[in-house]
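Quick look at query-v4.txt (compact mmCIF, N, CA and C atoms):
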# COMPACT_ATOMS: atom_id res chain seq x y z
N GLN A 1 0.84 -1.18 0.00
CA GLN A 1 0.00 0.00 0.00
C GLN A 1 0.88 1.24 0.00
N VAL A 2 0.45 2.24 -0.75
CA VAL A 2 1.22 3.48 -0.88
C VAL A 2 0.50 4.60 -0.13
N GLN A 3 1.28 5.37 0.60
CA GLN A 3 0.73 6.53 1.31
C GLN A 3 1.48 7.79 0.90
N LEU A 4 0.73 8.87 0.72
CA LEU A 4 1.31 10.17 0.45
C LEU A 4 0.93 11.10 1.59
N VAL A 5 1.92 11.70 2.21
CA VAL A 5 1.67 12.61 3.33
C VAL A 5 2.13 14.00 2.93
N GLU A 6 1.17 14.92 2.90
CA GLU A 6 1.45 16.29 2.50
C GLU A 6 1.58 17.18 3.74
N SER A 7 2.36 18.23 3.60
CA SER A 7 2.50 19.19 4.68
C SER A 7 2.90 20.55 4.09
N GLY A 8 2.75 21.59 4.90
CA GLY A 8 3.22 22.90 4.51
C GLY A 8 2.16 23.92 4.15
N GLY A 9 0.91 23.50 4.10
CA GLY A 9 -0.14 24.46 3.78
C GLY A 9 -0.41 25.40 4.94
N GLY A 10 -1.27 26.39 4.70
CA GLY A 10 -1.61 27.32 5.76
C GLY A 10 -2.16 28.62 5.22
N LEU A 11 -2.20 29.61 6.09
CA LEU A 11 -2.69 30.94 5.76
C LEU A 11 -1.50 31.87 5.56
N VAL A 12 -1.51 32.61 4.47
CA VAL A 12 -0.41 33.53 4.18
C VAL A 12 -0.98 34.78 3.54
N GLN A 13 -0.32 35.90 3.75
CA GLN A 13 -0.75 37.15 3.15
C GLN A 13 -0.33 37.21 1.68
N PRO A 14 -1.06 37.98 0.89
CA PRO A 14 -0.64 38.17 -0.51
C PRO A 14 0.81 38.64 -0.59
N GLY A 15 1.53 38.04 -1.53
CA GLY A 15 2.95 38.34 -1.67
C GLY A 15 3.84 37.44 -0.87
N GLY A 16 3.26 36.64 0.00
CA GLY A 16 4.04 35.75 0.85
C GLY A 16 4.43 34.46 0.16
N SER A 17 5.07 33.58 0.94
CA SER A 17 5.58 32.32 0.41
C SER A 17 5.17 31.15 1.29
N LEU A 18 5.06 30.00 0.67
CA LEU A 18 4.85 28.74 1.37
C LEU A 18 5.61 27.65 0.62
N ARG A 19 5.97 26.61 1.35
CA ARG A 19 6.61 25.45 0.73
C ARG A 19 5.84 24.21 1.11
N LEU A 20 5.32 23.53 0.11
CA LEU A 20 4.59 22.29 0.32
C LEU A 20 5.53 21.11 0.14
N SER A 21 5.28 20.06 0.92
CA SER A 21 6.04 18.82 0.79
C SER A 21 5.07 17.65 0.69
N CYS A 22 5.47 16.63 -0.02
CA CYS A 22 4.67 15.42 -0.14
C CYS A 22 5.62 14.23 -0.15
N ALA A 23 5.54 13.41 0.89
CA ALA A 23 6.41 12.25 1.02
C ALA A 23 5.62 10.98 0.76
N ALA A 24 6.15 10.15 -0.12
CA ALA A 24 5.53 8.88 -0.45
C ALA A 24 6.21 7.75 0.30
N SER A 25 5.41 6.81 0.78
CA SER A 25 5.95 5.64 1.47
C SER A 25 5.13 4.42 1.11
N GLY A 26 5.70 3.26 1.38
CA GLY A 26 4.98 2.03 1.09
C GLY A 26 5.61 1.27 -0.06
N SER A 27 4.81 0.44 -0.68
CA SER A 27 5.30 -0.45 -1.74
C SER A 27 5.32 0.28 -3.07
N ILE A 28 6.39 1.02 -3.28
CA ILE A 28 6.55 1.77 -4.53
C ILE A 28 7.74 1.19 -5.27
N PHE A 29 7.50 0.72 -6.46
CA PHE A 29 8.59 0.15 -7.24
C PHE A 29 9.49 1.25 -7.78
N ARG A 30 8.89 2.16 -8.50
CA ARG A 30 9.65 3.28 -9.04
C ARG A 30 8.67 4.41 -9.34
N ILE A 31 9.03 5.61 -8.91
CA ILE A 31 8.17 6.76 -9.14
C ILE A 31 8.61 7.46 -10.43
N ASN A 32 7.68 7.66 -11.30
CA ASN A 32 7.99 8.36 -12.55
C ASN A 32 7.69 9.85 -12.39
N VAL A 33 6.48 10.25 -12.69
CA VAL A 33 6.11 11.65 -12.61
C VAL A 33 5.54 11.97 -11.22
N MET A 34 5.94 13.10 -10.69
CA MET A 34 5.39 13.61 -9.43
C MET A 34 4.82 14.99 -9.74
N GLY A 35 3.72 15.31 -9.08
CA GLY A 35 3.12 16.60 -9.40
C GLY A 35 2.24 17.15 -8.32
N TRP A 36 1.86 18.38 -8.55
CA TRP A 36 0.94 19.09 -7.66
C TRP A 36 -0.26 19.58 -8.47
N TYR A 37 -1.44 19.43 -7.89
CA TYR A 37 -2.67 19.89 -8.47
C TYR A 37 -3.39 20.71 -7.39
N ARG A 38 -4.36 21.48 -7.82
CA ARG A 38 -5.13 22.25 -6.84
C ARG A 38 -6.58 22.34 -7.25
N GLN A 39 -7.43 22.52 -6.25
CA GLN A 39 -8.86 22.66 -6.50
C GLN A 39 -9.42 23.75 -5.61
N ALA A 40 -9.91 24.80 -6.25
CA ALA A 40 -10.55 25.89 -5.54
C ALA A 40 -12.04 25.60 -5.41
N PRO A 41 -12.71 26.21 -4.45
CA PRO A 41 -14.15 25.97 -4.27
C PRO A 41 -14.93 26.26 -5.55
N GLY A 42 -15.75 25.31 -5.95
CA GLY A 42 -16.58 25.49 -7.13
C GLY A 42 -15.87 25.31 -8.45
N LYS A 43 -14.60 24.92 -8.40
CA LYS A 43 -13.84 24.76 -9.63
C LYS A 43 -13.31 23.34 -9.76
N GLN A 44 -12.92 22.99 -10.98
CA GLN A 44 -12.34 21.67 -11.20
C GLN A 44 -10.88 21.64 -10.73
N ARG A 45 -10.43 20.44 -10.42
CA ARG A 45 -9.04 20.29 -10.05
C ARG A 45 -8.17 20.58 -11.28
N GLU A 46 -7.07 21.30 -11.05
CA GLU A 46 -6.21 21.68 -12.16
C GLU A 46 -4.76 21.39 -11.84
N LEU A 47 -4.00 21.18 -12.90
CA LEU A 47 -2.57 20.95 -12.75
C LEU A 47 -1.87 22.24 -12.36
N VAL A 48 -0.96 22.13 -11.40
CA VAL A 48 -0.12 23.26 -11.02
C VAL A 48 1.28 23.09 -11.60
N ALA A 49 1.89 21.94 -11.31
CA ALA A 49 3.24 21.67 -11.79
C ALA A 49 3.53 20.19 -11.70
N VAL A 50 4.33 19.68 -12.62
CA VAL A 50 4.76 18.29 -12.58
C VAL A 50 6.25 18.22 -12.87
N ILE A 51 6.87 17.14 -12.39
CA ILE A 51 8.30 16.93 -12.61
C ILE A 51 8.53 15.45 -12.90
N THR A 52 9.30 15.18 -13.93
CA THR A 52 9.57 13.80 -14.30
C THR A 52 10.73 13.25 -13.49
N SER A 53 10.97 11.96 -13.64
CA SER A 53 12.09 11.35 -12.93
C SER A 53 13.42 11.92 -13.40
N GLY A 54 13.44 12.45 -14.62
CA GLY A 54 14.66 13.05 -15.15
C GLY A 54 14.82 14.52 -14.80
N GLY A 55 13.82 15.09 -14.15
CA GLY A 55 13.91 16.48 -13.71
C GLY A 55 13.25 17.49 -14.62
N SER A 56 12.61 17.04 -15.69
CA SER A 56 11.89 17.97 -16.56
C SER A 56 10.64 18.46 -15.85
N THR A 57 10.34 19.74 -16.03
CA THR A 57 9.21 20.33 -15.32
C THR A 57 8.22 20.97 -16.28
N THR A 58 6.97 21.00 -15.84
CA THR A 58 5.90 21.69 -16.56
C THR A 58 5.08 22.46 -15.55
N TYR A 59 4.73 23.70 -15.90
CA TYR A 59 3.97 24.55 -14.99
C TYR A 59 2.71 25.07 -15.67
N ALA A 60 1.68 25.30 -14.89
CA ALA A 60 0.53 26.03 -15.38
C ALA A 60 0.96 27.47 -15.64
N ASP A 61 0.38 28.07 -16.65
CA ASP A 61 0.75 29.45 -17.00
C ASP A 61 0.55 30.39 -15.82
N SER A 62 -0.45 30.13 -15.01
CA SER A 62 -0.79 31.03 -13.91
C SER A 62 0.25 31.05 -12.80
N VAL A 63 1.14 30.06 -12.77
CA VAL A 63 2.13 30.00 -11.68
C VAL A 63 3.56 30.12 -12.17
N LYS A 64 3.75 30.18 -13.48
CA LYS A 64 5.11 30.28 -14.02
C LYS A 64 5.81 31.51 -13.47
N GLY A 65 7.06 31.30 -13.07
CA GLY A 65 7.84 32.41 -12.52
C GLY A 65 7.62 32.64 -11.04
N ARG A 66 6.62 32.01 -10.47
CA ARG A 66 6.33 32.18 -9.04
C ARG A 66 6.50 30.89 -8.25
N PHE A 67 6.16 29.78 -8.85
CA PHE A 67 6.24 28.47 -8.18
C PHE A 67 7.40 27.66 -8.76
N THR A 68 8.00 26.84 -7.90
CA THR A 68 9.07 25.94 -8.33
C THR A 68 8.83 24.55 -7.76
N ILE A 69 8.78 23.56 -8.63
CA ILE A 69 8.63 22.18 -8.20
C ILE A 69 10.00 21.51 -8.20
N SER A 70 10.22 20.65 -7.21
CA SER A 70 11.47 19.90 -7.13
C SER A 70 11.18 18.56 -6.47
N ARG A 71 12.15 17.66 -6.55
CA ARG A 71 11.95 16.35 -5.94
C ARG A 71 13.27 15.83 -5.39
N ASP A 72 13.13 14.98 -4.38
CA ASP A 72 14.26 14.28 -3.79
C ASP A 72 13.97 12.80 -3.97
N ASN A 73 14.60 12.19 -4.95
CA ASN A 73 14.29 10.79 -5.26
C ASN A 73 14.68 9.84 -4.14
N ALA A 74 15.72 10.17 -3.41
CA ALA A 74 16.15 9.31 -2.31
C ALA A 74 15.11 9.27 -1.19
N LYS A 75 14.35 10.35 -1.08
CA LYS A 75 13.32 10.43 -0.03
C LYS A 75 11.92 10.24 -0.58
N ASN A 76 11.80 9.99 -1.88
CA ASN A 76 10.47 9.86 -2.51
C ASN A 76 9.58 11.05 -2.14
N THR A 77 10.14 12.23 -2.24
CA THR A 77 9.45 13.43 -1.81
C THR A 77 9.45 14.47 -2.92
N VAL A 78 8.32 15.14 -3.06
CA VAL A 78 8.19 16.23 -4.01
C VAL A 78 7.85 17.51 -3.25
N TYR A 79 8.40 18.62 -3.72
CA TYR A 79 8.20 19.90 -3.06
C TYR A 79 7.58 20.89 -4.03
N LEU A 80 6.90 21.88 -3.47
CA LEU A 80 6.40 22.99 -4.27
C LEU A 80 6.70 24.28 -3.51
N GLN A 81 7.66 25.04 -4.00
CA GLN A 81 7.96 26.34 -3.42
C GLN A 81 7.08 27.36 -4.10
N MET A 82 6.28 28.05 -3.30
CA MET A 82 5.32 29.01 -3.84
C MET A 82 5.68 30.40 -3.33
N ASN A 83 6.03 31.28 -4.25
CA ASN A 83 6.38 32.65 -3.91
C ASN A 83 5.38 33.62 -4.54
N SER A 84 5.40 34.85 -4.06
CA SER A 84 4.50 35.89 -4.60
C SER A 84 3.07 35.39 -4.69
N LEU A 85 2.60 34.81 -3.62
CA LEU A 85 1.27 34.21 -3.62
C LEU A 85 0.19 35.27 -3.79
N LYS A 86 -0.87 34.87 -4.49
CA LYS A 86 -2.00 35.74 -4.77
C LYS A 86 -3.27 35.13 -4.19
N PRO A 87 -4.28 35.94 -3.93
CA PRO A 87 -5.55 35.38 -3.43
C PRO A 87 -6.11 34.28 -4.32
N GLU A 88 -5.90 34.40 -5.62
CA GLU A 88 -6.42 33.38 -6.55
C GLU A 88 -5.66 32.07 -6.47
N ASP A 89 -4.59 32.01 -5.69
CA ASP A 89 -3.90 30.74 -5.46
C ASP A 89 -4.56 29.94 -4.34
N THR A 90 -5.53 30.54 -3.68
CA THR A 90 -6.24 29.84 -2.60
C THR A 90 -6.93 28.59 -3.14
N ALA A 91 -6.63 27.45 -2.52
CA ALA A 91 -7.18 26.17 -2.97
C ALA A 91 -6.68 25.07 -2.05
N VAL A 92 -7.24 23.89 -2.24
CA VAL A 92 -6.67 22.69 -1.64
C VAL A 92 -5.66 22.14 -2.64
N TYR A 93 -4.45 21.93 -2.18
CA TYR A 93 -3.37 21.44 -3.04
C TYR A 93 -3.17 19.94 -2.79
N TYR A 94 -3.12 19.20 -3.88
CA TYR A 94 -2.95 17.75 -3.82
C TYR A 94 -1.67 17.34 -4.54
N CYS A 95 -0.95 16.42 -3.97
CA CYS A 95 0.17 15.85 -4.71
C CYS A 95 -0.30 14.54 -5.36
N LYS A 96 0.37 14.21 -6.42
CA LYS A 96 0.06 13.00 -7.18
C LYS A 96 1.37 12.40 -7.65
N ILE A 97 1.48 11.08 -7.55
CA ILE A 97 2.64 10.41 -8.09
C ILE A 97 2.19 9.30 -9.03
N ASN A 98 3.04 9.06 -10.01
CA ASN A 98 2.79 8.00 -10.96
C ASN A 98 3.88 6.94 -10.81
N SER A 99 3.42 5.69 -10.65
CA SER A 99 4.35 4.58 -10.55
C SER A 99 3.84 3.48 -11.46
N GLY A 100 4.51 3.32 -12.59
CA GLY A 100 4.03 2.36 -13.57
C GLY A 100 2.68 2.79 -14.12
N ALA A 101 1.70 1.90 -14.02
CA ALA A 101 0.36 2.20 -14.52
C ALA A 101 -0.55 2.78 -13.44
N LEU A 102 0.00 3.02 -12.27
CA LEU A 102 -0.81 3.45 -11.13
C LEU A 102 -0.53 4.90 -10.77
N ASN A 103 -1.59 5.58 -10.35
CA ASN A 103 -1.50 6.95 -9.83
C ASN A 103 -1.97 6.97 -8.39
N TYR A 104 -1.29 7.74 -7.58
CA TYR A 104 -1.64 7.87 -6.17
C TYR A 104 -1.79 9.35 -5.83
N TRP A 105 -2.80 9.64 -4.99
CA TRP A 105 -3.08 11.02 -4.60
C TRP A 105 -2.89 11.21 -3.10
N GLY A 106 -2.43 12.40 -2.73
CA GLY A 106 -2.39 12.76 -1.33
C GLY A 106 -3.75 13.21 -0.86
N GLN A 107 -3.85 13.49 0.44
CA GLN A 107 -5.13 13.84 1.04
C GLN A 107 -5.48 15.31 0.83
N GLY A 108 -4.51 16.10 0.42
CA GLY A 108 -4.75 17.52 0.19
C GLY A 108 -4.34 18.38 1.38
N THR A 109 -3.86 19.56 1.08
CA THR A 109 -3.51 20.52 2.12
C THR A 109 -4.04 21.90 1.70
N GLN A 110 -4.66 22.58 2.63
CA GLN A 110 -5.29 23.86 2.33
C GLN A 110 -4.26 24.98 2.29
N VAL A 111 -4.33 25.77 1.23
CA VAL A 111 -3.53 27.00 1.11
C VAL A 111 -4.50 28.15 0.97
N THR A 112 -4.41 29.10 1.88
CA THR A 112 -5.28 30.28 1.86
C THR A 112 -4.42 31.53 1.80
N VAL A 113 -4.67 32.34 0.79
CA VAL A 113 -3.92 33.59 0.62
C VAL A 113 -4.90 34.74 0.85
N SER A 114 -4.72 35.43 1.95
CA SER A 114 -5.66 36.48 2.33
C SER A 114 -5.00 37.45 3.28
N SER A 115 -5.43 38.70 3.18
CA SER A 115 -4.94 39.71 4.11
C SER A 115 -5.88 39.84 5.30

As C-alpha cells - that is how I would like this structure written.
Amino acid sequence: QVQLVESGGGLVQPGGSLRLSCAASGSIFRINVMGWYRQAPGKQRELVAVITSGGSTTYADSVKGRFTISRDNAKNTVYLQMNSLKPEDTAVYYCKINSGALNYWGQGTQVTVSS
C-alpha cells in the first residue's frame, strides 16, 4: 500500500511564500512523474506543476515564474515552493505520483492567501 503525506499548507498574506512537501511511502517500485494539483471551491481540479524522474518540469501558466517544483528521489518526496502568492492561489493542493500504470493522490492541504 502506498501513502502520500502532505504538509506545509496554511494561511499567508498576498505576496508571501509557502513550501509544500509530499512524502511517499509504502510499496513503490519506481516513481515516474510527481506533481501538484489544486482545487478551488466550485472549480475543477487543475494541474499546477509536474516533474519527471529526469527532472523535466511543466507549470501552469498562472504560476510560471512564481512556483518551483522539485523532488528528492532518495526520499520519494516532491516539493512545491510558492512565492509571490495571490488570493487566486487559494485552494486545496494535492500531490500526485505515478508509478508504472498506477497513480496515487495525497489527502490535500489547504492553502489560503488572504490579508

So, counting only N, CA and C atoms, which residue among A:Ser7, A:Asn83, A:Ser53, A:Ser17 is closest to Val33 of chain A? A:Ser53

Which distance in Å separates atom CA of Gly26 of chain A and atom CA of Gly54 of chain A, to one decimal? 21.9 Å

Between A:Ile97, A:Ala40, A:Val48, A:Val113, single out the one closest to Leu4 of chain A, counting only C-alpha atoms.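 Of all the options, A:Ile97 lies closest to Leu4 of chain A.
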
Option closest in space to Thr77 of chain A, from A:Cys22, A:Ile51, A:Val5, A:Leu102 [counting only C-alpha atoms]: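 Looking only at the distances to Thr77 of chain A, the closest residue turns out to be A:Cys22.
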
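By only N, CA and C atoms, and with residues fewer than 2 positions from Arg66 of chain A along its chain excluded, the set lying at most 8 Å from it is Ser62, Val63, Lys64, Thr68, Ile69, Gln81, Met82, Asn83, Ser84 and Leu85 of chain A.
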
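Interatomic distance, atom C of Asn32 of chain A to atom C of Thr112 of chain A: 28.6 Å.
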
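Each of A:Val111, A:Leu80, A:Ala91, A:Ala74 was checked against Arg30 of chain A using only C-alpha atoms; the smallest atom-to-atom distance is that of A:Ala74.
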
Contact residues around Gly108 of chain A with only N, CA and C atoms at 7 Å, ignoring same-chain residues under 2 positions, as a VMD selection string: chain A and resid 6 92 to 95 105 to 106 110

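Going from atom CA of Gln107 of chain A to atom N of Ala24 of chain A covers 11.9 Å.
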
Can you report as AutoDock Vina command-line options the centre and edge lengths in Å, to one decimal, of an axis-aligned box around the listed atoms of segment 22-30 of chain A padded with 6 Å on each side?
--center_x 7.2 --center_y 8.1 --center_z -3.9 --size_x 17.0 --size_y 29.1 --size_z 22.8

Which of these, A:Ala60, A:Pro87, A:Gln44, A:Thr52, has the shortest distance to Ile31 of chain A once you count all atoms listed in the file?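 Using all atoms listed in the file, Ile31 of chain A sits closest to A:Thr52.
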
Which one of A:Asp72, A:Thr90, A:Gly8, A:Tyr59 sits closest to Arg38 of chain A if you count only C-alpha atoms? A:Thr90

DSSP strand (DSSP E or B) residues within chain A, listed as an NGL selection string: :A and (2-7 or 10-12 or 18-26 or 34-39 or 46-51 or 57-59 or 67-72 or 77-82 or 91-99 or 102-105 or 109-113)

Complete the atoms of segment 24-40 of chain A to N, CA, C and O atoms and put them out as a PDB file, in the coordinates of the input.
ATOM      1  N   ALA A  24       6.150  10.150  -0.120  1.00  0.00           N
ATOM      2  CA  ALA A  24       5.530   8.880  -0.450  1.00  0.00           C
ATOM      3  C   ALA A  24       6.210   7.750   0.300  1.00  0.00           C
ATOM      4  O   ALA A  24       7.439   7.719   0.420  1.00  0.00           O
ATOM      5  N   SER A  25       5.410   6.810   0.780  1.00  0.00           N
ATOM      6  CA  SER A  25       5.950   5.640   1.470  1.00  0.00           C
ATOM      7  C   SER A  25       5.130   4.420   1.110  1.00  0.00           C
ATOM      8  O   SER A  25       4.005   4.535   0.622  1.00  0.00           O
ATOM      9  N   GLY A  26       5.700   3.260   1.380  1.00  0.00           N
ATOM     10  CA  GLY A  26       4.980   2.030   1.090  1.00  0.00           C
ATOM     11  C   GLY A  26       5.610   1.270  -0.060  1.00  0.00           C
ATOM     12  O   GLY A  26       6.774   1.450  -0.382  1.00  0.00           O
ATOM     13  N   SER A  27       4.810   0.440  -0.680  1.00  0.00           N
ATOM     14  CA  SER A  27       5.300  -0.450  -1.740  1.00  0.00           C
ATOM     15  C   SER A  27       5.320   0.280  -3.070  1.00  0.00           C
ATOM     16  O   SER A  27       4.392   0.182  -3.878  1.00  0.00           O
ATOM     17  N   ILE A  28       6.390   1.020  -3.280  1.00  0.00           N
ATOM     18  CA  ILE A  28       6.550   1.770  -4.530  1.00  0.00           C
ATOM     19  C   ILE A  28       7.740   1.190  -5.270  1.00  0.00           C
ATOM     20  O   ILE A  28       8.852   1.190  -4.748  1.00  0.00           O
ATOM     21  N   PHE A  29       7.500   0.720  -6.460  1.00  0.00           N
ATOM     22  CA  PHE A  29       8.590   0.150  -7.240  1.00  0.00           C
ATOM     23  C   PHE A  29       9.490   1.250  -7.780  1.00  0.00           C
ATOM     24  O   PHE A  29      10.686   1.280  -7.540  1.00  0.00           O
ATOM     25  N   ARG A  30       8.890   2.160  -8.500  1.00  0.00           N
ATOM     26  CA  ARG A  30       9.650   3.280  -9.040  1.00  0.00           C
ATOM     27  C   ARG A  30       8.670   4.410  -9.340  1.00  0.00           C
ATOM     28  O   ARG A  30       7.631   4.196  -9.942  1.00  0.00           O
ATOM     29  N   ILE A  31       9.030   5.610  -8.910  1.00  0.00           N
ATOM     30  CA  ILE A  31       8.170   6.760  -9.140  1.00  0.00           C
ATOM     31  C   ILE A  31       8.610   7.460 -10.430  1.00  0.00           C
ATOM     32  O   ILE A  31       9.790   7.778 -10.587  1.00  0.00           O
ATOM     33  N   ASN A  32       7.680   7.660 -11.300  1.00  0.00           N
ATOM     34  CA  ASN A  32       7.990   8.360 -12.550  1.00  0.00           C
ATOM     35  C   ASN A  32       7.690   9.850 -12.390  1.00  0.00           C
ATOM     36  O   ASN A  32       8.499  10.609 -11.927  1.00  0.00           O
ATOM     37  N   VAL A  33       6.480  10.250 -12.690  1.00  0.00           N
ATOM     38  CA  VAL A  33       6.110  11.650 -12.610  1.00  0.00           C
ATOM     39  C   VAL A  33       5.540  11.970 -11.220  1.00  0.00           C
ATOM     40  O   VAL A  33       4.776  11.182 -10.658  1.00  0.00           O
ATOM     41  N   MET A  34       5.940  13.100 -10.690  1.00  0.00           N
ATOM     42  CA  MET A  34       5.390  13.610  -9.430  1.00  0.00           C
ATOM     43  C   MET A  34       4.820  14.990  -9.740  1.00  0.00           C
ATOM     44  O   MET A  34       5.395  15.738 -10.533  1.00  0.00           O
ATOM     45  N   GLY A  35       3.720  15.310  -9.080  1.00  0.00           N
ATOM     46  CA  GLY A  35       3.120  16.600  -9.400  1.00  0.00           C
ATOM     47  C   GLY A  35       2.240  17.150  -8.320  1.00  0.00           C
ATOM     48  O   GLY A  35       1.930  16.485  -7.327  1.00  0.00           O
ATOM     49  N   TRP A  36       1.860  18.380  -8.550  1.00  0.00           N
ATOM     50  CA  TRP A  36       0.940  19.090  -7.660  1.00  0.00           C
ATOM     51  C   TRP A  36      -0.260  19.580  -8.470  1.00  0.00           C
ATOM     52  O   TRP A  36      -0.106  20.084  -9.592  1.00  0.00           O
ATOM     53  N   TYR A  37      -1.440  19.430  -7.890  1.00  0.00           N
ATOM     54  CA  TYR A  37      -2.670  19.890  -8.470  1.00  0.00           C
ATOM     55  C   TYR A  37      -3.390  20.710  -7.390  1.00  0.00           C
ATOM     56  O   TYR A  37      -3.059  20.616  -6.211  1.00  0.00           O
ATOM     57  N   ARG A  38      -4.360  21.480  -7.820  1.00  0.00           N
ATOM     58  CA  ARG A  38      -5.130  22.250  -6.840  1.00  0.00           C
ATOM     59  C   ARG A  38      -6.580  22.340  -7.250  1.00  0.00           C
ATOM     60  O   ARG A  38      -6.916  22.242  -8.435  1.00  0.00           O
ATOM     61  N   GLN A  39      -7.430  22.520  -6.250  1.00  0.00           N
ATOM     62  CA  GLN A  39      -8.860  22.660  -6.500  1.00  0.00           C
ATOM     63  C   GLN A  39      -9.420  23.750  -5.610  1.00  0.00           C
ATOM     64  O   GLN A  39      -9.372  23.647  -4.379  1.00  0.00           O
ATOM     65  N   ALA A  40      -9.910  24.800  -6.250  1.00  0.00           N
ATOM     66  CA  ALA A  40     -10.550  25.890  -5.540  1.00  0.00           C
ATOM     67  C   ALA A  40     -12.040  25.600  -5.410  1.00  0.00           C
ATOM     68  O   ALA A  40     -12.590  24.820  -6.202  1.00  0.00           O
TER      69      ALA A  40
END
